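The data block below is my_file13.cif; it holds mmCIF, C-alpha atoms.
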data_query
loop_
_atom_site.label_atom_id
_atom_site.label_comp_id
_atom_site.auth_asym_id
_atom_site.auth_seq_id
_atom_site.Cartn_x
_atom_site.Cartn_y
_atom_site.Cartn_z
CA MET A 1 51.46 107.98 206.76
CA THR A 2 50.80 108.60 203.11
CA ILE A 3 52.30 112.09 203.27
CA ARG A 4 55.40 110.79 205.02
CA ARG A 5 55.93 108.14 202.36
CA THR A 6 55.57 110.75 199.60
CA PHE A 7 58.21 113.02 201.17
CA ALA A 8 60.52 110.04 201.59
CA ARG A 9 60.19 109.15 197.90
CA LEU A 10 60.87 112.75 196.88
CA ALA A 11 64.01 112.82 199.02
CA CYS A 12 65.19 109.59 197.43
CA VAL A 13 64.63 110.91 193.89
CA SER A 14 66.48 114.14 194.71
CA SER A 15 69.45 112.18 196.00
CA LEU A 16 69.57 110.09 192.83
CA ALA A 17 69.39 113.21 190.66
CA LEU A 18 72.25 114.78 192.58
CA ILE A 19 74.38 111.68 192.17
CA ALA A 20 73.60 111.53 188.44
CA GLY A 21 74.45 115.20 188.05
CA ASN A 22 77.85 114.70 189.62
CA ALA A 23 78.58 111.67 187.43
CA PHE A 24 77.42 113.32 184.17
CA PRO A 25 77.88 117.09 184.37
CA ALA A 26 75.45 119.16 182.41
CA ASP A 27 76.71 120.77 179.14
CA LYS A 28 77.99 124.27 179.81
CA GLY A 29 76.93 126.42 176.94
CA THR A 30 79.47 129.09 177.77
CA GLU A 31 82.45 126.78 177.13
CA ALA A 32 83.70 126.64 173.45
CA GLU A 33 83.91 123.15 171.96
CA ALA A 34 87.27 122.10 170.44
CA GLU A 35 87.03 121.81 166.62
CA PRO A 36 88.06 118.44 165.14
CA PRO A 37 91.35 118.51 163.24
CA ALA A 38 91.06 119.04 159.49
CA PRO A 39 91.51 115.85 157.48
CA ALA A 40 94.91 115.44 155.88
CA GLN A 41 93.35 115.48 152.41
CA ALA A 42 92.21 119.07 152.91
CA GLN A 43 95.69 120.38 153.68
CA THR A 44 96.80 123.57 152.01
CA PHE A 45 100.29 125.00 151.65
CA ALA A 46 101.28 128.57 150.93
CA SER A 47 104.41 127.10 149.36
CA LEU A 48 105.37 123.46 149.05
CA ARG A 49 108.86 122.50 147.92
CA THR A 50 109.43 118.86 147.02
CA GLU A 51 112.55 116.74 147.38
CA LYS A 52 113.07 117.10 143.61
CA GLY A 53 113.19 120.87 143.92
CA ARG A 54 109.76 121.62 142.51
CA THR A 55 107.86 124.41 144.23
CA PHE A 56 104.08 124.74 144.26
CA VAL A 57 102.50 127.99 145.41
CA ASN A 58 99.07 128.03 147.07
CA ALA A 59 98.90 124.27 146.85
CA LYS A 60 95.89 122.31 148.02
CA VAL A 61 95.56 118.55 148.31
CA ILE A 62 92.59 117.54 146.16
CA ALA A 63 93.17 113.78 146.13
CA VAL A 64 95.17 111.20 148.03
CA GLU A 65 96.17 108.31 145.79
CA PRO A 66 97.99 105.10 146.70
CA ASP A 67 101.31 106.47 145.46
CA GLY A 68 101.07 110.20 146.15
CA LEU A 69 99.08 113.41 146.32
CA ARG A 70 97.30 115.31 143.61
CA LEU A 71 97.73 119.03 144.18
CA GLN A 72 95.92 122.03 142.81
CA HIS A 73 98.13 125.11 142.72
CA ASP A 74 98.60 128.47 141.04
CA THR A 75 99.75 126.99 137.73
CA GLY A 76 97.44 123.98 137.50
CA VAL A 77 97.21 120.46 138.89
CA SER A 78 100.17 118.18 139.56
CA LYS A 79 100.84 114.72 140.93
CA VAL A 80 103.52 114.45 143.64
CA ALA A 81 104.75 111.04 144.75
CA PHE A 82 104.96 110.38 148.47
CA TRP A 83 108.73 110.03 148.33
CA GLU A 84 108.95 113.55 146.86
CA LEU A 85 107.13 115.15 149.78
CA PRO A 86 109.03 116.84 152.61
CA GLU A 87 109.26 114.65 155.69
CA ASP A 88 106.94 116.86 157.76
CA VAL A 89 104.23 116.51 155.10
CA ARG A 90 104.84 112.87 154.24
CA LYS A 91 104.25 111.74 157.83
CA ASN A 92 100.64 112.92 157.56
CA TYR A 93 99.99 110.38 154.82
CA PRO A 94 100.79 106.85 155.97
CA HIS A 95 101.34 104.54 153.00
CA ASP A 96 102.94 101.28 151.95
CA PRO A 97 105.94 102.02 149.67
CA GLU A 98 105.67 98.64 147.94
CA LYS A 99 101.99 99.09 147.17
CA ALA A 100 102.71 102.65 146.04
CA ALA A 101 105.35 101.37 143.61
CA GLU A 102 102.96 98.72 142.27
CA TYR A 103 100.25 101.34 141.80
CA THR A 104 102.68 103.65 139.97
CA LYS A 105 103.77 100.83 137.68
CA ALA A 106 100.17 99.90 136.88
CA ALA A 107 99.23 103.54 136.27
CA GLU A 108 102.18 104.03 133.90
CA ALA A 109 101.22 100.88 131.98
CA ALA A 110 97.63 102.08 131.70
CA ASN A 111 98.86 105.46 130.48
CA ARG A 112 101.04 103.81 127.82
CA ASP A 113 98.08 101.73 126.69
CA ALA A 114 95.90 104.82 126.47
CA ILE A 115 98.52 106.65 124.40
CA PHE A 116 98.94 103.65 122.10
CA ASN A 117 95.18 103.29 121.63
CA ALA A 118 94.83 107.00 120.90
CA GLU A 119 97.62 106.79 118.31
CA GLN A 120 96.00 103.75 116.69
CA GLU A 121 92.70 105.58 116.50
CA ARG A 122 94.40 108.59 114.92
CA LEU A 123 96.04 106.33 112.33
CA ARG A 124 92.70 104.66 111.63
CA VAL A 125 91.02 108.02 111.03
CA ASP A 126 93.91 109.20 108.84
CA GLN A 127 93.84 106.00 106.78
CA ALA A 128 90.09 106.24 106.33
CA GLU A 129 90.47 109.77 105.01
CA MET A 130 93.33 108.75 102.70
CA LYS A 131 91.24 105.89 101.31
CA ARG A 132 88.30 108.19 100.72
CA LYS A 133 90.40 110.73 98.82
CA ALA A 134 92.21 108.05 96.81
CA GLY A 135 89.13 106.02 95.88
CA VAL A 136 90.22 102.95 97.85
CA ALA A 137 87.54 100.67 99.29
CA PRO A 138 87.24 101.06 103.10
CA ASP A 139 87.80 97.34 103.72
CA VAL A 140 91.16 97.16 101.91
CA GLU A 141 93.95 96.56 104.43
CA LEU A 142 96.93 98.86 103.92
CA ASP A 143 99.38 96.83 106.01
CA THR A 144 101.94 95.30 103.63
CA THR A 145 104.26 93.64 106.15
CA GLY A 146 103.02 90.19 105.08
CA PRO A 147 101.69 88.71 101.84
CA VAL A 148 99.73 91.24 99.77
CA THR A 149 96.87 91.08 97.31
CA VAL A 150 96.35 92.82 94.00
CA GLU A 151 93.88 95.18 95.69
CA GLN A 152 96.47 96.16 98.29
CA VAL A 153 99.03 96.97 95.60
CA LYS A 154 96.47 99.05 93.71
CA ALA A 155 95.50 100.80 96.95
CA GLY A 156 99.13 101.81 97.47
CA TRP A 157 99.29 103.21 93.95
CA LEU A 158 96.04 105.13 94.37
CA ILE A 159 97.10 106.65 97.69
CA ALA A 160 100.48 107.68 96.27
CA ASN A 161 98.67 109.17 93.28
CA ALA A 162 96.24 111.10 95.49
CA SER A 163 99.14 112.36 97.61
CA ARG A 164 100.80 114.13 94.70
CA SER A 165 101.14 117.78 95.63
CA LEU A 166 99.33 120.38 93.58
CA ASN A 167 100.13 124.08 93.64
CA TYR A 168 97.18 126.26 92.81
CA GLY A 169 99.47 128.92 91.40
CA ASP A 170 101.15 126.48 89.01
CA ARG A 171 100.26 127.12 85.38
CA ASN A 172 100.19 123.33 84.84
CA TYR A 173 97.76 122.82 87.71
CA ALA A 174 94.87 121.77 85.47
CA ALA A 175 97.03 119.30 83.56
CA GLN A 176 98.39 117.78 86.78
CA GLU A 177 94.90 117.50 88.24
CA SER A 178 93.71 115.80 85.07
CA SER A 179 96.68 113.41 85.17
CA ILE A 180 95.83 112.39 88.73
CA ALA A 181 92.19 111.81 87.82
CA ASN A 182 93.08 109.81 84.70
CA TYR A 183 95.51 107.56 86.55
CA ARG A 184 92.94 106.92 89.26
CA SER A 185 90.35 105.96 86.64
CA ALA A 186 92.83 103.65 84.90
CA VAL A 187 93.74 101.81 88.10
CA LEU A 188 90.12 101.48 89.22
CA SER A 189 89.10 100.19 85.78
CA GLY A 190 91.49 97.24 86.08
CA MET A 191 93.80 98.41 83.31
CA HIS A 192 96.86 97.83 85.49
CA ASP A 193 95.72 94.66 87.25
CA ARG A 194 98.33 92.42 85.59
CA GLU A 195 101.16 94.71 86.64
CA ALA A 196 99.69 94.88 90.15
CA GLU A 197 99.59 91.08 90.30
CA LYS A 198 103.24 90.85 89.26
CA VAL A 199 104.20 93.33 91.97
CA ALA A 200 102.21 91.30 94.51
CA MET A 201 103.79 88.01 93.42
CA ARG A 202 107.33 89.43 93.64
CA HIS A 203 106.63 90.77 97.12
CA ASN A 204 105.01 87.54 98.27
CA PHE A 205 107.80 85.36 96.85
CA GLU A 206 110.44 87.33 98.75
CA TRP A 207 108.37 87.41 101.94
CA TYR A 208 107.60 83.67 101.91
CA LEU A 209 111.24 82.90 101.17
CA LYS A 210 112.41 85.05 104.09
CA GLU A 211 109.91 83.34 106.41
CA GLY A 212 111.05 79.89 105.30
CA ARG A 213 107.70 79.02 103.73
CA THR A 214 109.16 77.41 100.64
CA GLU A 215 105.95 75.87 99.32
CA GLN A 216 104.13 79.20 99.20
CA ALA A 217 107.26 80.86 97.79
CA ALA A 218 107.36 78.32 94.95
CA LEU A 219 103.70 78.97 94.11
CA ALA A 220 104.27 82.73 94.02
CA GLN A 221 107.36 82.27 91.84
CA LYS A 222 105.47 79.99 89.45
CA ARG A 223 102.63 82.46 89.07
CA LEU A 224 105.08 85.32 88.51
CA ALA A 225 106.92 83.34 85.82
CA ALA A 226 103.62 82.58 84.06
CA LEU A 227 102.66 86.25 84.07
CA GLU A 228 106.03 87.32 82.70
CA ASP A 229 105.97 84.62 79.98
CA GLU A 230 102.52 85.75 78.91
CA ASP A 231 103.66 89.36 78.78
CA LEU A 232 106.62 88.33 76.61
CA ARG A 233 104.35 86.48 74.19
CA ARG A 234 102.03 89.45 74.00
CA GLU A 235 104.95 91.72 73.21
CA GLN A 236 106.19 89.35 70.50
CA ILE A 237 102.76 89.25 68.86
CA ALA A 238 102.49 93.02 69.08
CA SER A 239 105.90 93.33 67.39
CA LEU A 240 104.83 91.00 64.57
CA GLU A 241 101.63 92.97 64.09
CA ARG A 242 103.60 96.19 63.83
CA LEU A 243 105.94 94.54 61.35
CA ALA A 244 103.03 93.26 59.27
CA GLN A 245 101.52 96.74 59.17
CA SER A 246 104.83 98.17 58.02
CA MET A 247 105.11 95.54 55.29
CA ASP A 248 101.54 96.25 54.18
CA ARG A 249 102.51 99.82 53.57
CA ALA A 250 105.67 98.75 51.74
CA ALA A 251 103.95 96.02 49.71
CA GLN A 252 102.25 98.38 47.34
CA GLY A 253 103.82 97.63 43.98
CA ALA A 254 106.13 95.01 45.52
CA SER A 255 107.30 91.87 43.76
CA SER A 256 105.52 88.55 44.03
CA ALA A 257 108.34 87.18 46.19
CA LEU A 258 107.85 89.93 48.75
CA LEU A 259 104.11 89.39 48.74
CA SER A 260 104.67 85.68 49.33
CA GLU A 261 106.94 86.44 52.28
CA LEU A 262 104.32 88.78 53.70
CA ALA A 263 101.67 86.07 53.41
CA SER A 264 103.94 83.66 55.30
CA ILE A 265 104.41 86.18 58.12
CA ARG A 266 100.67 86.68 58.33
CA GLN A 267 100.13 82.94 58.64
CA GLU A 268 102.68 82.77 61.47
CA LEU A 269 100.98 85.67 63.21
CA GLU A 270 97.60 83.96 62.95
CA ARG A 271 99.08 80.76 64.35
CA LEU A 272 100.42 82.66 67.35
CA ARG A 273 97.04 84.26 67.91
CA LEU A 274 95.30 80.89 67.83
CA ASP A 275 97.88 79.41 70.19
CA ARG A 276 97.30 82.25 72.62
CA ALA A 277 93.56 81.69 72.46
CA VAL A 278 93.99 77.99 73.27
CA ASN A 279 96.70 78.52 75.93
CA PRO A 280 96.05 81.94 77.46
#
Using structure tokens, write down the structure from this file.
Amino acid sequence: MTIRRTFARLACVSSLALIAGNAFPADKGTEAEAEPPAPAQAQTFASLRTEKGRTFVNAKVIAVEPDGLRLQHDTGVSKVAFWELPEDVRKNYPHDPEKAAEYTKAAEAANRDAIFNAEQERLRVDQAEMKRKAGVAPDVELDTTGPVTVEQVKAGWLIANASRSLNYGDRNYAAQESSIANYRSAVLSGMHDREAEKVAMRHNFEWYLKEGRTEQAALAQKRLAALEDEDLRREQIASLERLAQSMDRAAQGASSALLSELASIRQELERLRLDRAVNP
């Protein structure tokens, strides 16, 4: 009985194996498997002509972007928008035209920003070098579109002075170089600060007036008038001093009347000096 049951079980297992074999055929090693299609991104083209008439030889898709393909070809790498692609190529790259347009717009804006930032950086480096050569402090702002300070005016002078061209073959080269150095020293020493302040006040008065800021314009005008009045008084005193010196030279052997007149002029000159000391 035991042997019979064993044979019966074996027959049952064999039947099940046969059924399973028919349902799931065994892999036939002699049959070649079909290769999966190459992804669209890996496409290559012996020659690809776009709708705009551009032709790329030995082109290969190296990137698929939301608005087009990036191709590597014989002459470099190029971006081709989806709408430029031939119809038979474009159909391999499903895309949303509206999203593609938005992506293109954003990419162009980012590119403009990058160009602008690069230009600003170049200007910053150029200005830093100009300041260094001219002797201008690094923190002095060179932008003069608004109100300016005395230091900004002086910086402009120094940069213009440093920009004067020198020709090494010129026989006056040494004299020109010395002139540039002397002017730089004079400006840095503060010798021309009053003139720089007058230039600044004129600029600021006109700028405030144009902007409708009448209160600030009036202050700039008042300061400019005070500077010009002081310069006039200084020039008058200098003229009297020159006159007194001339009369000193002419007074040798002069009459008592002339000497008396000279003494009167000296008293007036001293009064002006005292007045300037009290009201600078």
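From atom CA of Glu241 of chain A back to atom CA of Asp229 of chain A, the distance works out to 18.5 Å.
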Selection result of the PyMOL selection byres ((chain A and resi 56) around 9) on this file, as a PyMOL selection string: chain A and resi 45-50+54-55+57-59+71-75+78
What separation in Å, quoted to one decimal, exists between atom CA of Ala114 of chain A and atom CA of Pro138 of chain A? 25.2 Å
Given the PyMOL selection byres ((chain A and resi 161) around 12), the residues it picks as a PyMOL selection string: chain A and resi 130-131+133-136+154-160+162-166+176-187
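For the pair atom CA of Glu268 of chain A and atom CA of Ala244 of chain A, the interatomic distance is 10.7 Å.
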Give as a list in words the residues that the PyMOL selection byres ((chain A and resi 196) around 12) matches when applied to the coordinates above. Val148, Thr149, Val150, Glu151, Gln152, Val153, Lys154, Ala155, Gly156, Trp157, Leu158, Val187, Leu188, Gly190, Met191, His192, Asp193, Arg194, Glu195, Glu197, Lys198, Val199, Ala200, Met201, Arg202, His203, Leu224 and Leu227 of chain A
Write out as JSON an axis-aligned box for segment 235-246 of chain A: all of its atoms listed in the file, 6 Å added on each side, centre and edge lengths in Å with one decimal.
{"center_x": 103.9, "center_y": 93.7, "center_z": 65.6, "size_x": 16.7, "size_y": 20.9, "size_z": 27.2}
Between A:Pro147, A:Pro94, A:Gly76, A:Gly169, which one has atoms that come closest to Ala220 of chain A, using only C-alpha atoms?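 Going through A:Pro147, A:Pro94, A:Gly76, A:Gly169 one by one, the smallest distance to Ala220 of chain A is for A:Pro147.
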Which is closest to Val64 of chain A among A:Thr145, A:Leu232, A:Gln43, A:Tyr208, if we use all atoms listed in the file? A:Gln43
Residues within 7 Å of (97.6, 107.1, 140.8), file coords, only C-alpha atoms, listed as a PyMOL selection string: chain A and resi 65-67+103-104+107
